[in-house]
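**Q** The structure file my_file_16.cif (mmCIF, C-alpha atoms (C1' of nucleotides)) is provided below.
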```
data_my_file
loop_
_atom_site.label_atom_id
_atom_site.label_comp_id
_atom_site.auth_asym_id
_atom_site.auth_seq_id
_atom_site.Cartn_x
_atom_site.Cartn_y
_atom_site.Cartn_z
CA MET A 869 0.00 0.00 0.00
CA ASN A 870 1.23 3.48 -0.77
CA PHE A 871 1.68 6.36 1.63
CA SER A 872 -1.69 8.02 1.06
CA ARG A 873 -3.80 4.87 1.09
CA THR A 874 -2.06 3.71 4.24
CA LEU A 875 -2.91 6.97 5.97
CA THR A 876 -6.57 7.00 4.95
CA PHE A 877 -6.96 3.38 6.05
CA TRP A 878 -5.27 4.16 9.35
CA TYR A 879 -7.64 7.13 9.72
CA SER A 880 -10.73 5.01 9.18
CA GLU A 881 -9.60 2.83 12.07
CA HIS A 882 -8.31 5.46 14.49
CA LYS A 883 -10.05 8.77 13.95
CA ARG A 884 -11.42 10.47 17.01
CA ASP A 885 -14.98 11.68 17.13
CA MET A 886 -15.24 15.45 17.03
CA PRO A 887 -18.21 17.76 16.60
CA TRP A 888 -16.94 19.22 13.31
CA ARG A 889 -16.50 15.75 11.87
CA ASN A 890 -20.24 15.26 11.80
CA THR A 891 -20.87 18.01 9.27
CA LYS A 892 -19.72 19.37 5.92
CA ASN A 893 -21.43 22.69 6.44
CA PRO A 894 -18.88 25.34 5.36
CA TYR A 895 -19.88 27.64 8.21
CA ASN A 896 -19.13 24.96 10.80
CA ILE A 897 -15.94 23.80 9.10
CA TRP A 898 -14.70 27.37 8.70
CA LEU A 899 -15.47 28.12 12.34
CA SER A 900 -13.66 25.01 13.54
CA GLU A 901 -10.60 25.72 11.38
CA ILE A 902 -10.24 29.31 12.59
CA ILE A 903 -10.60 28.24 16.21
CA LEU A 904 -8.06 25.45 15.80
CA GLN A 905 -5.32 27.61 14.26
CA GLN A 906 -2.29 27.22 16.55
CA THR A 907 -4.64 25.69 19.10
CA GLN A 908 -4.91 22.17 20.43
CA ILE A 909 -8.17 20.27 20.08
CA THR A 910 -8.71 20.05 23.82
CA GLN A 911 -8.42 23.81 24.18
CA GLY A 912 -10.47 24.71 21.10
CA GLN A 913 -13.39 22.31 21.28
CA PRO A 914 -15.28 24.03 24.14
CA TYR A 915 -15.04 27.29 22.19
CA TYR A 916 -16.35 25.61 19.03
CA ASP A 917 -19.33 24.28 20.97
CA ALA A 918 -20.00 27.67 22.51
CA PHE A 919 -19.86 29.46 19.16
CA VAL A 920 -22.12 26.96 17.39
CA ASN A 921 -24.55 27.18 20.27
CA LYS A 922 -24.65 30.96 20.39
CA TYR A 923 -24.29 31.57 16.66
CA PRO A 924 -25.86 28.61 14.80
CA THR A 925 -25.54 30.30 11.40
CA VAL A 926 -23.26 32.81 9.74
CA PHE A 927 -26.09 35.35 9.96
CA ASP A 928 -26.23 35.03 13.73
CA LEU A 929 -22.50 35.66 13.94
CA ALA A 930 -22.69 38.55 11.47
CA ASN A 931 -25.43 40.24 13.49
CA ALA A 932 -23.47 40.13 16.74
CA GLN A 933 -21.43 43.01 18.13
CA GLU A 934 -17.67 42.57 17.87
CA SER A 935 -17.25 42.95 21.62
CA GLU A 936 -19.72 40.13 22.10
CA VAL A 937 -17.71 37.88 19.78
CA LEU A 938 -14.49 38.82 21.56
CA LYS A 939 -16.11 38.02 24.90
CA LEU A 940 -16.95 34.52 23.72
CA TRP A 941 -13.40 34.20 22.35
CA GLN A 942 -11.90 35.37 25.66
CA GLY A 943 -9.08 33.11 26.83
CA LEU A 944 -8.38 31.51 23.47
CA GLY A 945 -5.69 33.98 22.40
CA TYR A 946 -4.67 35.33 19.00
CA TYR A 947 -7.63 37.69 19.11
CA SER A 948 -7.19 38.86 15.52
CA ARG A 949 -8.77 35.52 14.67
CA ALA A 950 -11.99 36.60 16.39
CA ARG A 951 -11.97 40.05 14.77
CA ASN A 952 -11.36 38.54 11.33
CA LEU A 953 -13.95 35.83 12.00
CA HIS A 954 -16.57 38.45 12.69
CA ALA A 955 -15.57 40.60 9.71
CA SER A 956 -15.70 37.60 7.38
CA ALA A 957 -19.07 36.54 8.76
CA LYS A 958 -20.43 39.98 7.94
CA HIS A 959 -18.95 39.78 4.47
CA VAL A 960 -20.44 36.35 3.76
CA ALA A 961 -23.81 37.26 5.24
CA ASN A 962 -24.16 40.68 3.68
CA GLU A 963 -22.24 40.49 0.39
CA LEU A 964 -22.52 36.81 -0.48
CA ASN A 965 -26.08 36.10 0.66
CA GLY A 966 -24.76 33.83 3.36
CA ILE A 967 -23.14 31.47 0.84
CA PHE A 968 -19.49 30.65 1.51
CA PRO A 969 -16.99 30.71 -1.37
CA ASN A 970 -16.64 27.15 -2.68
CA THR A 971 -13.12 27.14 -4.10
CA TYR A 972 -9.64 27.36 -2.56
CA LYS A 973 -8.92 30.50 -4.57
CA ASP A 974 -12.06 32.35 -3.48
CA LEU A 975 -11.83 31.18 0.12
CA LEU A 976 -8.40 32.84 0.33
CA ASN A 977 -10.12 36.21 -0.01
CA LEU A 978 -11.77 35.86 3.38
CA LYS A 979 -9.98 37.68 6.20
CA GLY A 980 -8.18 35.25 8.48
CA VAL A 981 -8.23 32.48 5.87
CA GLY A 982 -4.75 31.64 4.58
CA ASP A 983 -3.31 28.73 2.65
CA TYR A 984 -3.99 26.10 5.28
CA THR A 985 -7.57 27.10 6.09
CA ALA A 986 -8.59 27.61 2.47
CA SER A 987 -7.21 24.17 1.64
CA ALA A 988 -9.02 22.60 4.58
CA ILE A 989 -12.41 24.10 3.78
CA ALA A 990 -12.11 23.48 0.03
CA SER A 991 -11.18 19.83 0.53
CA ILE A 992 -13.52 19.00 3.39
CA CYS A 993 -16.60 20.83 2.13
CA PHE A 994 -16.16 20.88 -1.64
CA ASN A 995 -13.92 17.89 -2.37
CA GLU A 996 -11.24 20.07 -4.00
CA PRO A 997 -7.84 18.30 -3.94
CA THR A 998 -5.99 21.08 -2.13
CA ALA A 999 -3.44 19.77 0.36
CA VAL A 1000 -3.33 21.09 3.90
CA VAL A 1001 0.06 21.74 5.45
CA ASP A 1002 -0.14 22.33 9.18
CA GLY A 1003 2.27 21.51 11.98
CA ASN A 1004 1.23 17.86 11.87
CA VAL A 1005 1.80 17.56 8.13
CA TYR A 1006 5.26 19.14 8.39
CA ARG A 1007 6.20 16.57 10.99
CA VAL A 1008 4.83 13.53 9.19
CA LEU A 1009 6.29 14.44 5.80
CA SER A 1010 9.68 15.58 7.08
CA ARG A 1011 10.11 12.31 8.97
CA TYR A 1012 8.70 9.88 6.45
CA PHE A 1013 10.66 11.37 3.55
CA GLY A 1014 13.65 12.46 5.63
CA ILE A 1015 13.50 16.12 4.66
CA ASP A 1016 15.58 18.53 6.73
CA THR A 1017 14.63 21.76 5.01
CA PRO A 1018 13.51 24.15 7.79
CA ILE A 1019 9.71 24.09 7.81
CA ASN A 1020 9.46 27.79 8.58
CA SER A 1021 11.78 28.90 5.78
CA THR A 1022 10.45 30.18 2.48
CA LYS A 1023 12.02 27.23 0.72
CA GLY A 1024 10.58 24.74 3.18
CA ILE A 1025 7.07 26.15 2.99
CA LYS A 1026 7.10 25.78 -0.80
CA GLU A 1027 8.77 22.38 -0.76
CA PHE A 1028 6.33 20.81 1.71
CA LYS A 1029 3.30 22.33 0.02
CA THR A 1030 4.42 20.87 -3.31
CA LEU A 1031 5.08 17.48 -1.75
CA ALA A 1032 1.74 17.44 0.06
CA THR A 1033 -0.02 18.38 -3.16
CA SER A 1034 1.63 15.49 -4.97
CA LEU A 1035 0.46 13.05 -2.31
CA ILE A 1036 -3.17 14.02 -1.90
CA ASP A 1037 -5.74 11.36 -2.67
CA HIS A 1038 -7.89 12.80 -5.46
CA GLN A 1039 -10.63 10.29 -4.73
CA ASN A 1040 -11.10 11.58 -1.22
CA PRO A 1041 -9.17 14.77 -0.45
CA SER A 1042 -11.27 15.42 2.66
CA ASP A 1043 -10.39 12.18 4.41
CA TYR A 1044 -6.78 12.25 3.22
CA ASN A 1045 -6.17 15.74 4.60
CA GLN A 1046 -7.77 14.91 7.90
CA ALA A 1047 -5.97 11.58 8.00
CA ILE A 1048 -2.47 13.00 7.76
CA MET A 1049 -3.25 15.61 10.40
CA GLU A 1050 -4.81 13.09 12.76
CA PHE A 1051 -1.88 10.77 12.16
CA GLY A 1052 0.54 13.53 13.12
CA ALA A 1053 -1.48 14.41 16.19
CA ILE A 1054 -1.80 10.98 17.80
CA GLN A 1055 0.66 8.62 16.05
CA CYS A 1056 3.61 10.56 14.64
CA LYS A 1057 3.68 12.83 17.69
CA PRO A 1058 6.35 15.50 18.34
CA ARG A 1059 7.89 13.48 21.13
CA ASN A 1060 7.96 9.73 21.63
CA PRO A 1061 6.11 8.76 18.47
CA ASN A 1062 4.86 5.22 18.53
CA CYS A 1063 7.08 3.90 15.74
CA ASN A 1064 6.70 0.27 16.79
CA ALA A 1065 3.01 0.32 15.99
CA CYS A 1066 3.31 2.61 12.96
CA PRO A 1067 1.86 1.37 9.66
CA LEU A 1068 4.58 3.30 7.81
CA ASN A 1069 7.57 2.17 9.89
CA GLU A 1070 9.05 -0.03 7.16
CA SER A 1071 9.46 2.83 4.72
CA CYS A 1072 10.02 5.81 7.04
CA VAL A 1073 13.36 7.43 6.21
CA ALA A 1074 13.80 9.13 9.58
CA LEU A 1075 13.17 5.88 11.43
CA GLN A 1076 15.66 4.00 9.27
CA LYS A 1077 18.29 6.68 9.86
CA ASN A 1078 17.35 6.96 13.54
CA ILE A 1079 16.78 10.72 13.26
CA ILE A 1080 13.11 10.83 14.25
CA ASP A 1081 13.86 13.23 17.10
CA GLN A 1082 15.76 15.59 14.79
CA LEU A 1083 12.85 16.21 12.46
CA PRO A 1084 11.22 18.46 11.53
CA VAL A 1085 13.89 21.15 11.45
CA LYS A 1086 12.71 24.58 12.51
CA LEU A 1087 14.61 27.88 12.46
CA LYS A 1088 14.82 29.29 15.94
CA LYS A 1089 12.38 31.92 16.96
CA THR A 1090 13.09 35.51 17.84
CA LYS A 1091 13.98 36.24 21.40
CA ILE A 1092 11.51 37.18 24.07
CA SER A 1093 11.34 40.77 25.32
CA THR A 1094 10.39 41.97 28.78
CA LYS A 1095 7.92 44.75 29.50
CA TYR A 1096 6.62 46.27 32.72
CA PHE A 1097 2.89 46.81 32.95
CA ASN A 1098 1.26 48.84 35.70
CA PHE A 1099 -2.52 48.76 35.81
CA ILE A 1100 -4.45 51.35 37.79
CA VAL A 1101 -7.52 49.85 39.38
CA MET A 1102 -9.70 52.71 40.54
CA LEU A 1103 -12.37 52.23 43.14
CA SER A 1104 -14.75 55.14 43.65
CA THR A 1105 -17.18 55.53 46.51
CA ASP A 1106 -20.09 54.84 44.14
CA LYS A 1107 -18.44 51.52 43.22
CA LYS A 1108 -17.23 52.36 39.78
CA THR A 1109 -13.92 51.92 38.01
CA ILE A 1110 -12.32 52.88 34.71
CA PHE A 1111 -12.16 50.16 32.10
CA GLN A 1112 -11.10 51.12 28.62
CA LYS A 1113 -10.71 49.56 25.20
CA ARG A 1114 -7.27 48.95 23.71
CA THR A 1115 -7.82 50.49 20.32
CA HIS A 1116 -4.26 50.58 19.03
CA LYS A 1117 -2.61 47.81 17.10
CA GLY A 1118 -0.76 45.17 19.04
CA ILE A 1119 -1.66 42.60 21.63
CA TRP A 1120 -5.22 42.45 22.89
CA GLN A 1121 -6.57 44.93 20.34
CA ASN A 1122 -10.20 45.83 21.12
CA LEU A 1123 -10.09 44.06 24.47
CA TYR A 1124 -10.64 46.08 27.65
CA GLN A 1125 -8.27 46.85 30.50
CA PHE A 1126 -7.68 49.13 33.46
CA PRO A 1127 -5.69 52.27 32.63
CA LEU A 1128 -2.18 51.11 31.87
CA MET A 1129 1.19 52.74 32.28
CA GLU A 1130 4.17 50.97 30.87
CA SER A 1131 7.53 51.57 32.48
CA GLU A 1132 11.05 50.67 31.45
CA LYS A 1133 11.87 49.29 34.87
CA LYS A 1134 10.01 48.10 37.91
CA LEU A 1135 8.01 50.94 39.36
CA LYS A 1136 8.49 51.33 43.10
CA ILE A 1137 5.73 52.20 45.49
CA ALA A 1138 7.47 55.43 46.49
CA ASP A 1139 7.52 56.56 42.88
CA PHE A 1140 3.92 55.75 42.06
CA LYS A 1141 2.23 58.96 43.16
CA LYS A 1142 4.91 61.09 41.50
CA HIS A 1143 4.74 59.34 38.16
CA PRO A 1144 3.86 61.82 35.37
CA PHE A 1145 1.04 59.59 34.21
CA ILE A 1146 -0.53 59.62 37.68
CA VAL A 1147 0.05 63.32 38.19
CA SER A 1148 -1.66 64.22 34.94
CA TYR A 1149 -4.41 61.69 35.48
CA PHE A 1150 -5.51 62.81 38.92
CA GLU A 1151 -4.16 66.36 39.02
CA ASP A 1152 -5.03 67.66 42.48
CA THR A 1153 -7.72 65.13 43.32
CA PRO A 1154 -6.79 63.42 46.60
CA PHE A 1155 -6.61 59.63 46.65
CA GLU A 1156 -5.15 56.72 48.56
CA PHE A 1157 -3.35 53.91 46.89
CA SER A 1158 -1.83 50.54 47.57
CA LEU A 1159 -0.01 47.90 45.63
CA TYR A 1160 -2.07 44.73 45.14
CA ASN A 1161 0.85 42.42 44.37
CA ASN A 1162 4.30 42.99 45.86
CA ILE A 1163 5.73 40.36 43.57
CA ASP A 1164 5.24 40.99 39.88
CA ILE A 1165 2.78 38.78 38.10
CA VAL A 1166 4.68 37.54 35.06
CA HIS A 1167 2.32 36.96 32.17
CA LYS A 1168 4.11 34.99 29.49
CA LEU A 1169 3.19 35.42 25.85
CA SER A 1170 4.94 33.69 22.99
CA HIS A 1171 7.14 36.70 22.25
CA GLN A 1172 7.14 38.83 25.40
CA HIS A 1173 7.01 38.55 29.16
CA LEU A 1174 4.84 41.08 30.91
CA HIS A 1175 5.90 41.93 34.47
CA THR A 1176 2.71 43.24 35.93
CA LYS A 1177 1.65 45.26 38.94
CA PHE A 1178 -1.90 46.19 39.89
CA TRP A 1179 -2.19 49.50 41.73
CA ILE A 1180 -5.36 50.00 43.72
CA VAL A 1181 -6.48 53.62 43.88
CA GLU A 1182 -9.33 54.53 46.18
CA ILE A 1183 -10.85 57.82 45.23
CA ASP A 1184 -13.99 59.77 45.97
CA GLN A 1185 -14.82 60.52 42.37
CA LEU A 1186 -13.37 59.10 39.15
CA PRO A 1187 -11.33 61.54 37.02
CA GLN A 1188 -13.44 60.49 34.03
CA LYS A 1189 -16.51 58.45 33.20
CA GLY A 1190 -16.34 54.93 34.51
CA ILE A 1191 -18.35 51.73 34.63
CA PRO A 1192 -19.95 49.95 37.58
CA ILE A 1193 -17.59 47.36 39.04
CA ALA A 1194 -20.50 44.91 38.91
CA ASP A 1195 -20.40 45.16 35.11
CA LEU A 1196 -16.68 44.40 34.67
CA LYS A 1197 -17.22 40.83 33.59
CA ARG A 1198 -19.40 41.82 30.65
CA TYR A 1199 -16.39 43.19 28.80
CA PRO A 1200 -13.95 41.12 26.78
CA THR A 1201 -10.48 41.18 28.32
CA SER A 1202 -7.22 39.28 28.49
CA ILE A 1203 -6.57 36.32 30.75
CA LEU A 1204 -4.17 38.53 32.71
CA ILE A 1205 -6.93 41.02 33.59
CA SER A 1206 -9.61 38.37 33.89
CA ASN A 1207 -7.60 36.46 36.47
CA PHE A 1208 -7.03 39.63 38.45
CA ILE A 1209 -10.74 40.49 38.45
CA ASP A 1210 -11.60 37.00 39.65
CA GLU A 1211 -9.04 37.13 42.45
CA PHE A 1212 -9.55 40.69 43.57
CA PHE A 1213 -13.30 41.17 43.36
CA ASP A 1214 -14.56 37.67 44.09
CA ALA A 1215 -12.26 36.76 46.95
"C1'" DA B 1152 12.67 37.16 5.61
"C1'" DA B 1153 11.47 38.26 10.07
"C1'" DA B 1154 8.38 39.84 13.48
"C1'" DT B 1155 3.94 39.86 15.58
"C1'" DC B 1156 0.07 37.85 17.71
"C1'" DG B 1157 -2.03 34.05 23.30
"C1'" DG B 1158 -2.67 30.89 26.08
"C1'" DG B 1159 -2.34 26.19 27.58
"C1'" DG B 1160 0.03 21.81 27.76
"C1'" DT B 1161 4.13 18.76 28.03
"C1'" DC B 1162 8.52 17.11 29.49
"C1'" DG C 161 13.19 26.56 30.35
"C1'" DA C 162 12.17 24.82 25.50
"C1'" DC C 163 8.99 23.23 22.45
"C1'" DC C 164 4.44 22.50 20.43
"C1'" DC C 165 -0.32 23.48 18.86
"C1'" DA C 166 -5.54 21.75 12.35
"C1'" DG C 167 -1.40 29.72 10.98
"C1'" DA C 168 -2.37 34.48 9.21
"C1'" DT C 169 -0.88 38.92 8.63
"C1'" DT C 170 2.11 42.78 8.88
"C1'" DT C 171 6.49 44.85 8.61
#
```
Would you write out, as structure tokens, the structure that this file holds?
**A**
Amino acid sequence: MNFSRTLTFWYSEHKRDMPWRNTKNPYNIWLSEIILQQTQITQGQPYYDAFVNKYPTVFDLANAQESEVLKLWQGLGYYSRARNLHASAKHVANELNGIFPNTYKDLLNLKGVGDYTASAIASICFNEPTAVVDGNVYRVLSRYFGIDTPINSTKGIKEFKTLATSLIDHQNPSDYNQAIMEFGAIQCKPRNPNCNACPLNESCVALQKNIIDQLPVKLKKTKISTKYFNFIVMLSTDKKTIFQKRTHKGIWQNLYQFPLMESEKKLKIADFKKHPFIVSYFEDTPFEFSLYNNIDIVHKLSHQHLHTKFWIVEIDQLPQKGIPIADLKRYPTSILISNFIDEFFDA
DNA sequence: AAATCGGGGTC
DNA sequence: GACCCAGATTT
């Protein structure tokens, strides 16, 4: 049996049951693929269920407010996915009469849909033989064929896409694509793959050369930077606080947060009241303050570490319009802020 | 070509 | 700590 047939047979025997495997509806498949980008099944599945439940059709999603979509997305990360999801839903609902594009080429025009996702939807929903290349596929192909081209290099991206395209089963592109991904996820795993029980172990180049643990090759990522975040949690006598939207580009765009001052170094408690940001914010209004956490909370993102302090400011009247503290949890926010709210206000 | 964009899980 | 995850987009 050849490579592709072996994989699809293996898939028929081993595939896990998942909610998006019981449908070919492009809306559902699209939703699942966006949610699962750079996200493990176990983390994404509850979000998929929640979205299908709250927004059963693309029209329901299109009619929602963006902040509502972001709230449901809260905790999943890579929030541009949620913003693009909502924008594309509006486009499909309003410009395309609710009908999803049905080719790889046209699917690519949707915001948030790149090569992988367009290939996945086109193959799963419309039987187009477009090969998916995700992290699983890179691993399976690099090992089986013994390819050491870095998977995140321009050359590697082209090379693996071409190879995957040459391997796809034209009789059943949907099952083949899902088979190779499922195979990578539970058989040809990143660490300790089960080569003894592998249906491809007799022809796997990496196994023969004993270089399974050296593949795939990946260029090393850029180094992590450190930033210092100081959030100002205001508490007025009428139980309000200031919670504002991050409108600028960057992390957490369009999510909400307490007023933030970034500092180059750790801000000390003696310096807090004299900080220019604080001086301009409160002018001559008297207030008392305290530091919630003496030890920085280090929030780790993939490319930066945020050393965070929460400053509690008790004040008679807010320096600007605020929101009731009781309403804080209605707003979409980061895990960093969400955790603080849970600890500080619910304890 | 490299950087940006999250959060959770594993070893 | 390093690496990974059904990647896309911007710089």
**Q** Which residues fall under the PyMOL selection byres ((chain B) within 6 of (chain A)) in this file, as a short mmCIF file (atom, residue, chain, number, x, y, z; two decimals) with C-alpha atoms (C1' of nucleotides), in the coordinates of the input?
**A**
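Result written to result.cif:
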```
data_model
loop_
_atom_site.label_atom_id
_atom_site.label_comp_id
_atom_site.auth_asym_id
_atom_site.auth_seq_id
_atom_site.Cartn_x
_atom_site.Cartn_y
_atom_site.Cartn_z
"C1'" DC B 1156 0.07 37.85 17.71
"C1'" DG B 1157 -2.03 34.05 23.30
"C1'" DG B 1158 -2.67 30.89 26.08
#
```
**Q** Check every residue of chain A for an atom within 8 Å of chain C, counting only C-alpha atoms (C1' of nucleotides), and provide those that qualify as a list of chain:residue names.
**A**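 Written out as asked, the residues are A:Glu901, A:Leu904, A:Gln905, A:Gln906, A:Thr907, A:Gln908, A:Gly980, A:Val981, A:Gly982, A:Tyr984, A:Asp1002, A:Gly1003, A:Asn1004, A:Met1049, A:Pro1058.
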**Q** Any idea what the distance is between CA of Ser880 in chain A and CA of Leu899 in chain A?
**A**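 Taking CA of Ser880 in chain A as the start and CA of Leu899 in chain A as the end point, the length is 23.8 Å.
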**Q** Can you measure CA of Asn965 in chain A to CA of Gln913 in chain A for me? One decimal in Å is fine.
**A** 27.9 Å
**Q** Enter the distance from CA of Thr1094 in chain A to CA of Phe1126 in chain A, in Å, rounded to one decimal.
**A**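 About the pair CA of Thr1094 in chain A and CA of Phe1126 in chain A: they are 20.0 Å apart.
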**Q** Ranking A:Lys1091, A:His954, A:Asp928, A:Cys1056 by minimum distance to DA1154 in chain B and counting all atoms listed in the file, which one comes first?
**A**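 So, comparing all the options, the nearest one is A:Lys1091.
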**Q** I want to know what sits within 12 Å of Gln1039 in chain A, based on only C-alpha atoms (C1' of nucleotides), with residues of the same chain fewer than 3 positions away left out; could you give that as a list in words?
**A**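 The contact residues come out as Ser872, Arg873, Thr876, Ser991, Asn995, Glu996, Pro997, Leu1035, Ile1036, Ser1042, Asp1043, Tyr1044 and Asn1045 of chain A.
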**Q** Tell me which protein, DNA and RNA residues are within 10 Å of Lys1134 in chain A, counting all atoms listed in the file, leaving out same-chain ones fewer than 5 positions away, and put them as a CSV table (one decimal) with C-alpha atoms, in the frame of the given file.
**A**
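What ended up in part19.csv:
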```
chain,number,residue,atom,x,y,z
A,1095,LYS,CA,7.9,44.8,29.5
A,1096,TYR,CA,6.6,46.3,32.7
A,1097,PHE,CA,2.9,46.8,33.0
A,1098,ASN,CA,1.3,48.8,35.7
A,1164,ASP,CA,5.2,41.0,39.9
A,1175,HIS,CA,5.9,41.9,34.5
A,1176,THR,CA,2.7,43.2,35.9
A,1177,LYS,CA,1.6,45.3,38.9
```
**Q** Take the PyMOL selection byres ((chain A and resi 1125) around 7), apply it to the structure above, and return the hits as a list in words.
**A**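 Against this file, the PyMOL selection byres ((chain A and resi 1125) around 7) returns the residues Phe1111, Gln1112, Lys1113, Leu1123, Tyr1124, Phe1126, Pro1127, Thr1201 and Ile1205 of chain A.
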**Q** Apply the PyMOL selection byres ((chain A and resi 1031) around 12) to the displayed file and report the matching residues as a short mmCIF file (atom, residue, chain, number, x, y, z; two decimals) with C-alpha atoms, in the frame of the given file.
**A**
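Okay, this is what ended up in selection_32.cif:
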```
data_model
loop_
_atom_site.label_atom_id
_atom_site.label_comp_id
_atom_site.auth_asym_id
_atom_site.auth_seq_id
_atom_site.Cartn_x
_atom_site.Cartn_y
_atom_site.Cartn_z
CA SER A 872 -1.69 8.02 1.06
CA THR A 998 -5.99 21.08 -2.13
CA ALA A 999 -3.44 19.77 0.36
CA VAL A 1000 -3.33 21.09 3.90
CA VAL A 1001 0.06 21.74 5.45
CA VAL A 1005 1.80 17.56 8.13
CA TYR A 1006 5.26 19.14 8.39
CA VAL A 1008 4.83 13.53 9.19
CA LEU A 1009 6.29 14.44 5.80
CA SER A 1010 9.68 15.58 7.08
CA TYR A 1012 8.70 9.88 6.45
CA PHE A 1013 10.66 11.37 3.55
CA ILE A 1015 13.50 16.12 4.66
CA GLY A 1024 10.58 24.74 3.18
CA ILE A 1025 7.07 26.15 2.99
CA LYS A 1026 7.10 25.78 -0.80
CA GLU A 1027 8.77 22.38 -0.76
CA PHE A 1028 6.33 20.81 1.71
CA LYS A 1029 3.30 22.33 0.02
CA THR A 1030 4.42 20.87 -3.31
CA ALA A 1032 1.74 17.44 0.06
CA THR A 1033 -0.02 18.38 -3.16
CA SER A 1034 1.63 15.49 -4.97
CA LEU A 1035 0.46 13.05 -2.31
CA ILE A 1036 -3.17 14.02 -1.90
#
```
**Q** Please give the centre and size of the box around range 1111-1127 of chain A (axis-aligned, containing every atom listed in the file, 4 Å added per side), with values in Å to one decimal and written as AutoDock Vina command-line options.
**A**
```
--center_x -6.5 --center_y 47.4 --center_z 25.3 --size_x 19.4 --size_y 17.8 --size_z 24.4
```
